[in-house]
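Report on one structure; see the data block that follows.
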Amino acid sequence: VAKTEYPKVIALQLTSRCNRNCKHCFAPKGTAEMSFEELIRAFMLFFSWGTKGVLLTGGEPLLRKDFGDIVESLQKHSFEIYLDTNGDRFFDYADVILESVDNLGLPIDFPNTSYRGGRNFNNVIKVLDYLKNNEQRPRIRVGTVATQDTLEFLEDIAELLLNYVVDIWKIYQFTPQDVNATANRASLEVSDAEFKGFINRLRKKYGNRLNIVSSARNNRSRAYFMVHPDGDVVVPIDEGESCKKQLIGNIFDEDIVEKWQQVHSSSNYLKNIACTLC
Ligand code: SF4
C-alpha cells in the first residue's frame, strides 16, 4: 500500500476578487469565498496533515477584510506564510506582512506602468523601495509572466531589479488557464523553445547578479495542491494544447488527499515547492 503523501505546501486562493484585470490572469472569477470560520477549519486540517507552508494567493488576497486575522491564525499553527499580492494594497498591511510573512511575491511584467493598468508598477516599486531599507523583511520573490507582450522587456526588468533587494526572480511561462488567460491565449502564448531561449540568454547575462528561477508550463503541470476561494481543490494540468484545472473535490472531503495523490505529479510538486520557497 502506497504511503499517503500529504501536501507540504498548499496554495490557497483567498478570493477571486481583484482590483486589476490582467490579460494573462489565471485566477478564477466570481467564485464564492470560504468564511473565516471555514478557513480556520481548513487550517486545522492542514496542521493535522503536517503541512509546512501556506501560499496565500487569489485574486488579490489583501482585498479580504479579515486578512490580518487569517495571517494571525496561520501563525498560531506555525505555518510558514507565503503571500502573492499585486502590491497595490501592501501598505494597508505592511506591519502584518513584515511581522509574519516569510516569502513575499510581487509582480513586475513590464518595466513601466502600461501593463497591469493604472499605477500597479509604481506601487510595486514603492514596496520594493520600502523593503530595500527594511531589515525585517520577508524573502522577496518578483514574479514575471512571460507572454508575447512582455518577452522583449525581460532585460529591462532585469536591469531594474538590480537596483533592489530581490531574492528570487521567478519567470513564469504563460499558461492559458481560466477566464482571462484562456481568452487571450492566441496573442500571449509563448512556445517552450522561445521561453527556454529567453531564459538562457537572461541567465548568461544576469545569472551572477540575479537568482533567476524559470517556471516552464510543463514543470507546473500537476504541481499544486490548489484550493479555490470556495474550498474546491483543483490540480492545474497543462499538457500543451489541453490546459485545464482538474477539480478533484472539496477541501473538507474526507478522502481529498487520496484524490490529490492520484492526480498530482509528486516530482513536479516537489520541484515547484523547492523553487517557490528557496
Ligand atoms: S494576475 Fe493578479 S493582479 Fe492581475 S488580475 Fe489576476 S489576480 Fe489580479
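Naming works like this for the C-alpha cells: A, B, ... for the chains as they're shown, residue 1 at the start of each chain, ligands 1 onward in shown order.
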
Within 8 Å of ligand 1, which residues of chain A come that close, and what is the closest atom pair and distance in Å for each? Count only C-alpha atoms and all ligand atoms and give it as a Markdown table.
```
| residue | atom | partner | partner_atom_place_in_ligand_line | distance |
| --- | --- | --- | --- | --- |
| A:Ser16 | CA | ligand 1 | 7 (S) | 7.4 |
| A:Arg17 | CA | ligand 1 | 7 (S) | 7.5 |
| A:Cys18 | CA | ligand 1 | 8 (Fe) | 4.7 |
| A:Asn19 | CA | ligand 1 | 8 (Fe) | 6.3 |
| A:Arg20 | CA | ligand 1 | 5 (S) | 4.4 |
| A:Asn21 | CA | ligand 1 | 5 (S) | 3.9 |
| A:Cys22 | CA | ligand 1 | 4 (Fe) | 4.1 |
| A:Lys23 | CA | ligand 1 | 4 (Fe) | 7.4 |
| A:His24 | CA | ligand 1 | 1 (S) | 6.3 |
| A:Cys25 | CA | ligand 1 | 1 (S) | 3.9 |
| A:Phe26 | CA | ligand 1 | 6 (Fe) | 6.3 |
| A:Ala27 | CA | ligand 1 | 6 (Fe) | 5.6 |
| A:Thr57 | CA | ligand 1 | 7 (S) | 7.9 |
| A:Gly58 | CA | ligand 1 | 7 (S) | 5.5 |
| A:Gly59 | CA | ligand 1 | 7 (S) | 3.7 |
| A:Glu60 | CA | ligand 1 | 7 (S) | 5.3 |
| A:Thr85 | CA | ligand 1 | 2 (Fe) | 7.2 |
| A:Asn86 | CA | ligand 1 | 3 (S) | 4.9 |
| A:Pro107 | CA | ligand 1 | 3 (S) | 7.8 |
| A:Arg116 | CA | ligand 1 | 4 (Fe) | 6.5 |
```

Dump of all heavy atoms for the selected residues, as a compact mmCIF listing (two decimals), in the first residue's frame:
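Listing of out-v3.txt after writing:
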```txt
# COMPACT_ATOMS: atom_id res chain seq x y z
N SER A 16 -11.42 35.42 -5.28
CA SER A 16 -11.22 35.56 -6.73
C SER A 16 -11.33 37.03 -7.13
O SER A 16 -11.16 37.38 -8.29
CB SER A 16 -12.24 34.72 -7.50
OG SER A 16 -13.55 35.17 -7.23
N ARG A 17 -11.64 37.89 -6.12
CA ARG A 17 -11.75 39.32 -6.44
C ARG A 17 -10.36 39.91 -6.68
O ARG A 17 -9.39 39.49 -6.07
CB ARG A 17 -12.40 40.06 -5.28
CG ARG A 17 -13.87 39.77 -5.10
CD ARG A 17 -14.42 40.43 -3.85
NE ARG A 17 -13.91 39.79 -2.63
CZ ARG A 17 -13.46 40.44 -1.57
NH1 ARG A 17 -13.43 41.76 -1.55
NH2 ARG A 17 -13.04 39.78 -0.51
N CYS A 18 -10.31 40.89 -7.56
CA CYS A 18 -9.05 41.61 -7.75
C CYS A 18 -9.38 43.01 -8.26
O CYS A 18 -10.36 43.20 -8.98
CB CYS A 18 -8.13 40.89 -8.74
SG CYS A 18 -6.50 41.68 -8.81
N ASN A 19 -8.57 43.95 -7.87
CA ASN A 19 -8.77 45.32 -8.34
C ASN A 19 -8.15 45.53 -9.73
O ASN A 19 -8.25 46.60 -10.30
CB ASN A 19 -8.16 46.31 -7.35
CG ASN A 19 -6.69 46.05 -7.10
OD1 ASN A 19 -6.30 44.92 -6.83
ND2 ASN A 19 -5.86 47.05 -7.22
N ARG A 20 -7.47 44.49 -10.24
CA ARG A 20 -6.88 44.56 -11.59
C ARG A 20 -7.62 43.58 -12.50
O ARG A 20 -8.43 42.78 -12.03
CB ARG A 20 -5.40 44.19 -11.55
CG ARG A 20 -4.57 45.06 -10.65
CD ARG A 20 -4.16 46.35 -11.32
NE ARG A 20 -3.67 47.32 -10.35
CZ ARG A 20 -3.60 48.62 -10.59
NH1 ARG A 20 -3.98 49.10 -11.74
NH2 ARG A 20 -3.15 49.44 -9.67
N ASN A 21 -7.28 43.61 -13.76
CA ASN A 21 -7.91 42.68 -14.69
C ASN A 21 -6.88 42.32 -15.77
O ASN A 21 -7.06 42.63 -16.94
CB ASN A 21 -9.16 43.34 -15.30
CG ASN A 21 -10.00 42.36 -16.08
OD1 ASN A 21 -9.87 41.14 -15.90
ND2 ASN A 21 -10.84 42.87 -16.97
N CYS A 22 -5.80 41.70 -15.33
CA CYS A 22 -4.67 41.44 -16.24
C CYS A 22 -5.07 40.45 -17.34
O CYS A 22 -5.80 39.49 -17.09
CB CYS A 22 -3.49 40.86 -15.48
SG CYS A 22 -2.97 41.91 -14.13
N LYS A 23 -4.51 40.67 -18.50
CA LYS A 23 -4.81 39.81 -19.66
C LYS A 23 -4.41 38.37 -19.43
O LYS A 23 -5.01 37.45 -19.94
CB LYS A 23 -4.01 40.31 -20.87
CG LYS A 23 -4.52 41.57 -21.51
CD LYS A 23 -4.00 41.64 -22.94
CE LYS A 23 -2.95 42.71 -23.08
NZ LYS A 23 -2.40 42.79 -24.44
N HIS A 24 -3.30 38.19 -18.70
CA HIS A 24 -2.75 36.84 -18.55
C HIS A 24 -3.26 36.15 -17.29
O HIS A 24 -2.79 35.08 -16.93
CB HIS A 24 -1.23 36.91 -18.49
CG HIS A 24 -0.75 37.72 -17.32
ND1 HIS A 24 -0.32 39.01 -17.46
CD2 HIS A 24 -0.67 37.41 -16.00
CE1 HIS A 24 0.03 39.47 -16.25
NE2 HIS A 24 -0.19 38.51 -15.36
N CYS A 25 -4.19 36.79 -16.58
CA CYS A 25 -4.60 36.29 -15.25
C CYS A 25 -5.10 34.85 -15.33
O CYS A 25 -5.96 34.53 -16.14
CB CYS A 25 -5.70 37.17 -14.69
SG CYS A 25 -6.19 36.66 -13.03
N PHE A 26 -4.58 33.99 -14.47
CA PHE A 26 -5.12 32.63 -14.43
C PHE A 26 -5.78 32.30 -13.10
O PHE A 26 -5.79 31.16 -12.64
CB PHE A 26 -4.11 31.57 -14.88
CG PHE A 26 -2.74 31.67 -14.29
CD1 PHE A 26 -2.46 31.11 -13.06
CD2 PHE A 26 -1.72 32.30 -15.00
CE1 PHE A 26 -1.18 31.18 -12.53
CE2 PHE A 26 -0.44 32.38 -14.46
CZ PHE A 26 -0.17 31.82 -13.24
N ALA A 27 -6.38 33.35 -12.52
CA ALA A 27 -7.18 33.13 -11.30
C ALA A 27 -8.64 32.96 -11.72
O ALA A 27 -9.06 33.49 -12.74
CB ALA A 27 -7.04 34.34 -10.39
N THR A 57 -2.91 33.39 -1.94
CA THR A 57 -2.94 33.98 -3.26
C THR A 57 -4.39 34.31 -3.62
O THR A 57 -5.27 34.30 -2.77
CB THR A 57 -2.21 33.05 -4.26
OG1 THR A 57 -2.33 33.57 -5.57
CG2 THR A 57 -2.72 31.63 -4.24
N GLY A 58 -4.64 34.63 -4.88
CA GLY A 58 -6.01 35.00 -5.24
C GLY A 58 -6.22 34.79 -6.73
O GLY A 58 -5.65 33.87 -7.30
N GLY A 59 -6.91 35.79 -7.31
CA GLY A 59 -7.30 37.11 -6.91
C GLY A 59 -6.25 37.86 -6.08
O GLY A 59 -5.09 37.50 -6.07
N GLU A 60 -6.72 38.89 -5.46
CA GLU A 60 -5.84 39.71 -4.63
C GLU A 60 -6.16 39.45 -3.15
O GLU A 60 -7.18 39.93 -2.64
CB GLU A 60 -6.02 41.20 -5.00
CG GLU A 60 -5.26 42.15 -4.12
CD GLU A 60 -3.81 41.73 -3.88
OE1 GLU A 60 -3.08 41.45 -4.83
OE2 GLU A 60 -3.43 41.65 -2.69
N THR A 85 0.88 38.91 -3.82
CA THR A 85 -0.01 40.06 -3.90
C THR A 85 0.40 40.91 -5.09
O THR A 85 1.57 40.90 -5.48
CB THR A 85 0.06 40.90 -2.60
OG1 THR A 85 -0.63 42.14 -2.80
CG2 THR A 85 1.49 41.21 -2.18
N ASN A 86 -0.56 41.68 -5.62
CA ASN A 86 -0.16 42.59 -6.71
C ASN A 86 0.50 43.84 -6.15
O ASN A 86 0.99 44.67 -6.90
CB ASN A 86 -1.34 42.91 -7.64
CG ASN A 86 -2.48 43.67 -6.94
OD1 ASN A 86 -2.26 44.36 -5.95
ND2 ASN A 86 -3.68 43.53 -7.47
N PRO A 107 4.50 41.26 -8.45
CA PRO A 107 4.61 41.11 -9.90
C PRO A 107 5.28 42.30 -10.59
O PRO A 107 5.03 43.46 -10.25
CB PRO A 107 3.14 41.06 -10.34
CG PRO A 107 2.44 41.96 -9.37
CD PRO A 107 3.23 41.90 -8.07
N ARG A 116 -0.24 46.17 -16.27
CA ARG A 116 -1.35 45.71 -15.43
C ARG A 116 -2.44 46.77 -15.30
O ARG A 116 -3.48 46.55 -14.72
CB ARG A 116 -0.85 45.31 -14.05
CG ARG A 116 -0.28 43.93 -14.09
CD ARG A 116 0.11 43.36 -12.76
NE ARG A 116 0.89 42.19 -13.01
CZ ARG A 116 0.62 40.97 -12.56
NH1 ARG A 116 -0.38 40.77 -11.77
NH2 ARG A 116 1.39 39.96 -12.88
```

Contacts of Asn268 in chain A at 8 Å (only C-alpha atoms; same-chain gap of 3+ positions) as a VMD selection string
chain A and resid 219 to 223 265 271 to 272

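The residue set within 12 Å of Leu210 in chain A, counting only C-alpha atoms and dropping same-chain residues fewer than 6 places from it, reads Arg141, Val142, Glu155, Ile157, Ala158, Glu159, Leu160, Leu161, Leu162, Asn163, Tyr164, Val165, Val166, Asp167, Ile168, Trp169, Lys170, Ile171, Leu202, Arg203 and Lys204 of chain A.
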
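Distances from A:Ile10, A:Thr150, A:Glu99, A:Val213 to Val235 in chain A were compared using only C-alpha atoms, and the smallest one belongs to A:Ile10.
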
Which one of A:Phe225, A:Tyr93, A:Tyr206, A:Tyr172 sits closest to Ile256 in chain A if you count only C-alpha atoms?
A:Phe225

Contacts of range 34-44 of chain A at 8 Å (only C-alpha atoms; same-chain gap of 5+ positions) as number ranges by chain:
A: 14, 66, 70, 73-74, 77, 229-231, 251-252

Dump as a JSON list (two decimals), in the first residue's frame, selection limited to N, CA, C and O atoms:
```json
[["chain", "number", "residue", "atom", "x", "y", "z"],
["A", 14, "LEU", "N", -7.47, 33.01, -1.53],
["A", 14, "LEU", "CA", -8.39, 33.55, -0.52],
["A", 14, "LEU", "C", -9.62, 34.19, -1.13],
["A", 14, "LEU", "O", -10.66, 34.27, -0.50],
["A", 66, "ASP", "N", -10.55, 40.34, 6.38],
["A", 66, "ASP", "CA", -10.05, 39.60, 7.55],
["A", 66, "ASP", "C", -8.62, 39.09, 7.31],
["A", 66, "ASP", "O", -8.17, 38.17, 7.98],
["A", 70, "ILE", "N", -6.56, 36.17, 9.36],
["A", 70, "ILE", "CA", -6.19, 34.93, 8.67],
["A", 70, "ILE", "C", -4.71, 34.64, 8.92],
["A", 70, "ILE", "O", -4.32, 33.53, 9.28],
["A", 73, "SER", "N", -4.02, 33.56, 12.45],
["A", 73, "SER", "CA", -4.39, 32.17, 12.69],
["A", 73, "SER", "C", -3.36, 31.20, 12.10],
["A", 73, "SER", "O", -3.01, 30.18, 12.71],
["A", 74, "LEU", "N", -2.84, 31.55, 10.93],
["A", 74, "LEU", "CA", -1.80, 30.69, 10.32],
["A", 74, "LEU", "C", -0.55, 30.67, 11.20],
["A", 74, "LEU", "O", 0.10, 29.63, 11.38],
["A", 77, "HIS", "N", -0.57, 28.35, 14.11],
["A", 77, "HIS", "CA", -0.26, 26.96, 13.77],
["A", 77, "HIS", "C", 1.19, 26.79, 13.33],
["A", 77, "HIS", "O", 1.58, 25.71, 12.89],
["A", 229, "PRO", "N", -11.15, 29.74, -3.83],
["A", 229, "PRO", "CA", -11.72, 30.53, -2.73],
["A", 229, "PRO", "C", -12.91, 29.84, -2.04],
["A", 229, "PRO", "O", -13.13, 30.02, -0.85],
["A", 230, "ASP", "N", -13.66, 29.03, -2.80],
["A", 230, "ASP", "CA", -14.84, 28.40, -2.20],
["A", 230, "ASP", "C", -14.53, 27.05, -1.55],
["A", 230, "ASP", "O", -15.43, 26.37, -1.06],
["A", 231, "GLY", "N", -13.26, 26.66, -1.54],
["A", 231, "GLY", "CA", -12.89, 25.41, -0.88],
["A", 231, "GLY", "C", -12.73, 24.23, -1.83],
["A", 231, "GLY", "O", -12.32, 23.15, -1.42],
["A", 251, "ILE", "N", -12.08, 20.73, -0.06],
["A", 251, "ILE", "CA", -11.07, 20.62, 0.98],
["A", 251, "ILE", "C", -11.57, 19.80, 2.19],
["A", 251, "ILE", "O", -10.80, 19.14, 2.87],
["A", 252, "PHE", "N", -12.89, 19.81, 2.42],
["A", 252, "PHE", "CA", -13.40, 19.08, 3.60],
["A", 252, "PHE", "C", -13.84, 17.65, 3.26],
["A", 252, "PHE", "O", -14.36, 16.95, 4.12]]
```

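CA of Gly50 in chain A to CA of Phe79 in chain A spans 9.5 Å [interatomic distance, one decimal].
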
Strand (DSSP E) call set, DSSP backbone run, range 174-239 of chain A, as an MDAnalysis selection string
chainID A and resid 212:215 226:227 232:239

Give me a file of those residues, with all heavy atoms, as a compact mmCIF listing (two decimals), in the first residue's frame.
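Output contents, as saved in result.txt:
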```txt
# COMPACT_ATOMS: atom_id res chain seq x y z
N ILE A 212 17.74 33.78 -10.91
CA ILE A 212 16.64 33.60 -11.86
C ILE A 212 16.09 32.18 -11.79
O ILE A 212 16.82 31.21 -11.98
CB ILE A 212 17.12 33.89 -13.30
CG1 ILE A 212 17.65 35.34 -13.39
CG2 ILE A 212 16.02 33.64 -14.32
CD1 ILE A 212 18.34 35.68 -14.71
N VAL A 213 14.81 32.09 -11.49
CA VAL A 213 14.16 30.78 -11.44
C VAL A 213 13.17 30.72 -12.59
O VAL A 213 12.30 31.60 -12.70
CB VAL A 213 13.44 30.59 -10.09
CG1 VAL A 213 12.58 29.34 -10.11
CG2 VAL A 213 14.44 30.53 -8.95
N SER A 214 13.31 29.73 -13.44
CA SER A 214 12.38 29.67 -14.56
C SER A 214 11.27 28.67 -14.26
O SER A 214 11.52 27.59 -13.73
CB SER A 214 13.13 29.29 -15.84
OG SER A 214 13.00 27.93 -16.09
N SER A 215 10.06 29.07 -14.57
CA SER A 215 8.92 28.20 -14.30
C SER A 215 8.21 27.91 -15.62
O SER A 215 7.35 28.66 -16.06
CB SER A 215 8.00 28.91 -13.30
OG SER A 215 6.93 28.08 -12.99
N MET A 226 -4.06 23.07 -4.93
CA MET A 226 -4.58 24.44 -5.01
C MET A 226 -6.03 24.48 -4.53
O MET A 226 -6.87 23.71 -5.01
CB MET A 226 -4.49 24.92 -6.47
CG MET A 226 -4.83 26.38 -6.65
SD MET A 226 -4.66 26.86 -8.38
CE MET A 226 -2.90 27.12 -8.49
N VAL A 227 -6.27 25.35 -3.56
CA VAL A 227 -7.63 25.46 -3.02
C VAL A 227 -8.26 26.74 -3.56
O VAL A 227 -7.75 27.83 -3.34
CB VAL A 227 -7.60 25.50 -1.47
CG1 VAL A 227 -9.02 25.47 -0.93
CG2 VAL A 227 -6.77 24.35 -0.91
N ASP A 232 -13.04 24.43 -3.10
CA ASP A 232 -12.79 23.34 -4.05
C ASP A 232 -11.29 23.17 -4.25
O ASP A 232 -10.55 24.16 -4.27
CB ASP A 232 -13.45 23.65 -5.41
CG ASP A 232 -14.93 23.35 -5.40
OD1 ASP A 232 -15.39 22.66 -4.46
OD2 ASP A 232 -15.63 23.80 -6.32
N VAL A 233 -10.87 21.93 -4.40
CA VAL A 233 -9.44 21.67 -4.61
C VAL A 233 -9.23 21.32 -6.08
O VAL A 233 -9.93 20.47 -6.63
CB VAL A 233 -8.95 20.52 -3.71
CG1 VAL A 233 -7.47 20.25 -3.95
CG2 VAL A 233 -9.20 20.87 -2.26
N VAL A 234 -8.29 22.01 -6.70
CA VAL A 234 -8.03 21.76 -8.12
C VAL A 234 -6.55 21.45 -8.33
O VAL A 234 -5.70 21.85 -7.53
CB VAL A 234 -8.41 22.98 -9.00
CG1 VAL A 234 -9.90 23.27 -8.94
CG2 VAL A 234 -7.60 24.21 -8.64
N VAL A 235 -6.28 20.72 -9.39
CA VAL A 235 -4.90 20.46 -9.81
C VAL A 235 -4.76 20.99 -11.23
O VAL A 235 -5.42 20.48 -12.15
CB VAL A 235 -4.58 18.96 -9.75
CG1 VAL A 235 -3.18 18.69 -10.30
CG2 VAL A 235 -4.68 18.44 -8.33
N PRO A 236 -3.97 22.04 -11.45
CA PRO A 236 -3.77 22.52 -12.81
C PRO A 236 -3.02 21.47 -13.63
O PRO A 236 -1.99 20.96 -13.20
CB PRO A 236 -2.91 23.78 -12.63
CG PRO A 236 -3.02 24.14 -11.19
CD PRO A 236 -3.23 22.85 -10.46
N ILE A 237 -3.58 21.15 -14.79
CA ILE A 237 -2.94 20.18 -15.67
C ILE A 237 -2.68 20.85 -17.00
O ILE A 237 -3.62 21.27 -17.68
CB ILE A 237 -3.82 18.93 -15.86
CG1 ILE A 237 -4.11 18.30 -14.49
CG2 ILE A 237 -3.13 17.91 -16.78
CD1 ILE A 237 -4.97 17.06 -14.54
N ASP A 238 -1.41 21.00 -17.33
CA ASP A 238 -1.05 21.75 -18.53
C ASP A 238 -0.28 20.82 -19.45
O ASP A 238 0.87 20.49 -19.22
CB ASP A 238 -0.18 22.94 -18.11
CG ASP A 238 0.11 23.87 -19.27
OD1 ASP A 238 0.04 23.42 -20.43
OD2 ASP A 238 0.43 25.05 -19.01
N GLU A 239 -1.00 20.34 -20.47
CA GLU A 239 -0.34 19.41 -21.39
C GLU A 239 -0.36 20.00 -22.79
O GLU A 239 -0.91 19.44 -23.73
CB GLU A 239 -1.01 18.03 -21.31
CG GLU A 239 -0.58 17.32 -20.02
CD GLU A 239 -1.50 16.20 -19.58
OE1 GLU A 239 -2.56 16.01 -20.20
OE2 GLU A 239 -1.13 15.52 -18.60
```

Taking a cut-off of 6 Å and counting only C-alpha atoms, can you build a table that, for each residue of range 66-105 of chain A near range 123-137 of chain A, reports the nearest atom pair and how far apart they are in Å (one decimal), sorted by chain then residue number, as a tab-separated table?
```
residue	atom	partner	partner_atom	distance
A:Gly87	CA	A:Val124	CA	5.4
A:Asp88	CA	A:Asn123	CA	5.6
A:Leu98	CA	A:Arg137	CA	5.6
```

For the structure I just gave you, how does DSSP split range 129-250 of chain A - specifically, which residues are helix (DSSP H, G or I)? Reply as a ChimeraX atom specification.
/A:129-132,151-161,178-183,185-188,192-206,217-220

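Each of A:Ser267, A:Asn180, A:Ser100, A:Gln75 was checked against Tyr224 in chain A using only C-alpha atoms; the smallest atom-to-atom distance is that of A:Ser267.
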
Spatial neighbours of Thr51 in chain A, 7 Å, only C-alpha atoms, chain gap at least 6 places, as a ChimeraX atom specification
/A:7-9

For N, CA and C atoms, I'd like the residues from the last selection saved as a PDB file, in the first residue's frame.
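Result file follows (part_37.pdb):
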```pdb
ATOM      1  N   PRO A   7       0.126  17.075   1.382  1.00  0.00           N
ATOM      2  CA  PRO A   7       0.726  18.271   0.768  1.00  0.00           C
ATOM      3  C   PRO A   7       1.536  19.086   1.775  1.00  0.00           C
ATOM      4  N   LYS A   8       2.794  19.337   1.434  1.00  0.00           N
ATOM      5  CA  LYS A   8       3.667  20.105   2.338  1.00  0.00           C
ATOM      6  C   LYS A   8       3.378  21.593   2.235  1.00  0.00           C
ATOM      7  N   VAL A   9       3.033  22.011   1.017  1.00  0.00           N
ATOM      8  CA  VAL A   9       2.680  23.413   0.807  1.00  0.00           C
ATOM      9  C   VAL A   9       1.365  23.461   0.045  1.00  0.00           C
TER      10      VAL A   9
END
```

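The two atoms in question, CA of Pro138 in chain A and CA of Asn122 in chain A, are spaced 20.1 Å apart.
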
Near Thr4 in chain A, counting only C-alpha atoms, which residues have an atom at most 12 Å away, once you skip same-chain residues fewer than 5 positions from it, shown as a ChimeraX atom specification?
/A:49-50,255-262,266

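Distance annotation: of A:Asp149, A:Glu72, A:Asp192, A:Asp253, the residue with the minimal separation from Asp109 in chain A is A:Asp149; atom set is only C-alpha atoms.
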
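With only C-alpha atoms as the atoms that count, the minimum distance from Gly240 in chain A to the choices A:Asn208, A:Thr175, A:Asn200, A:Thr182 is reached by A:Thr175.
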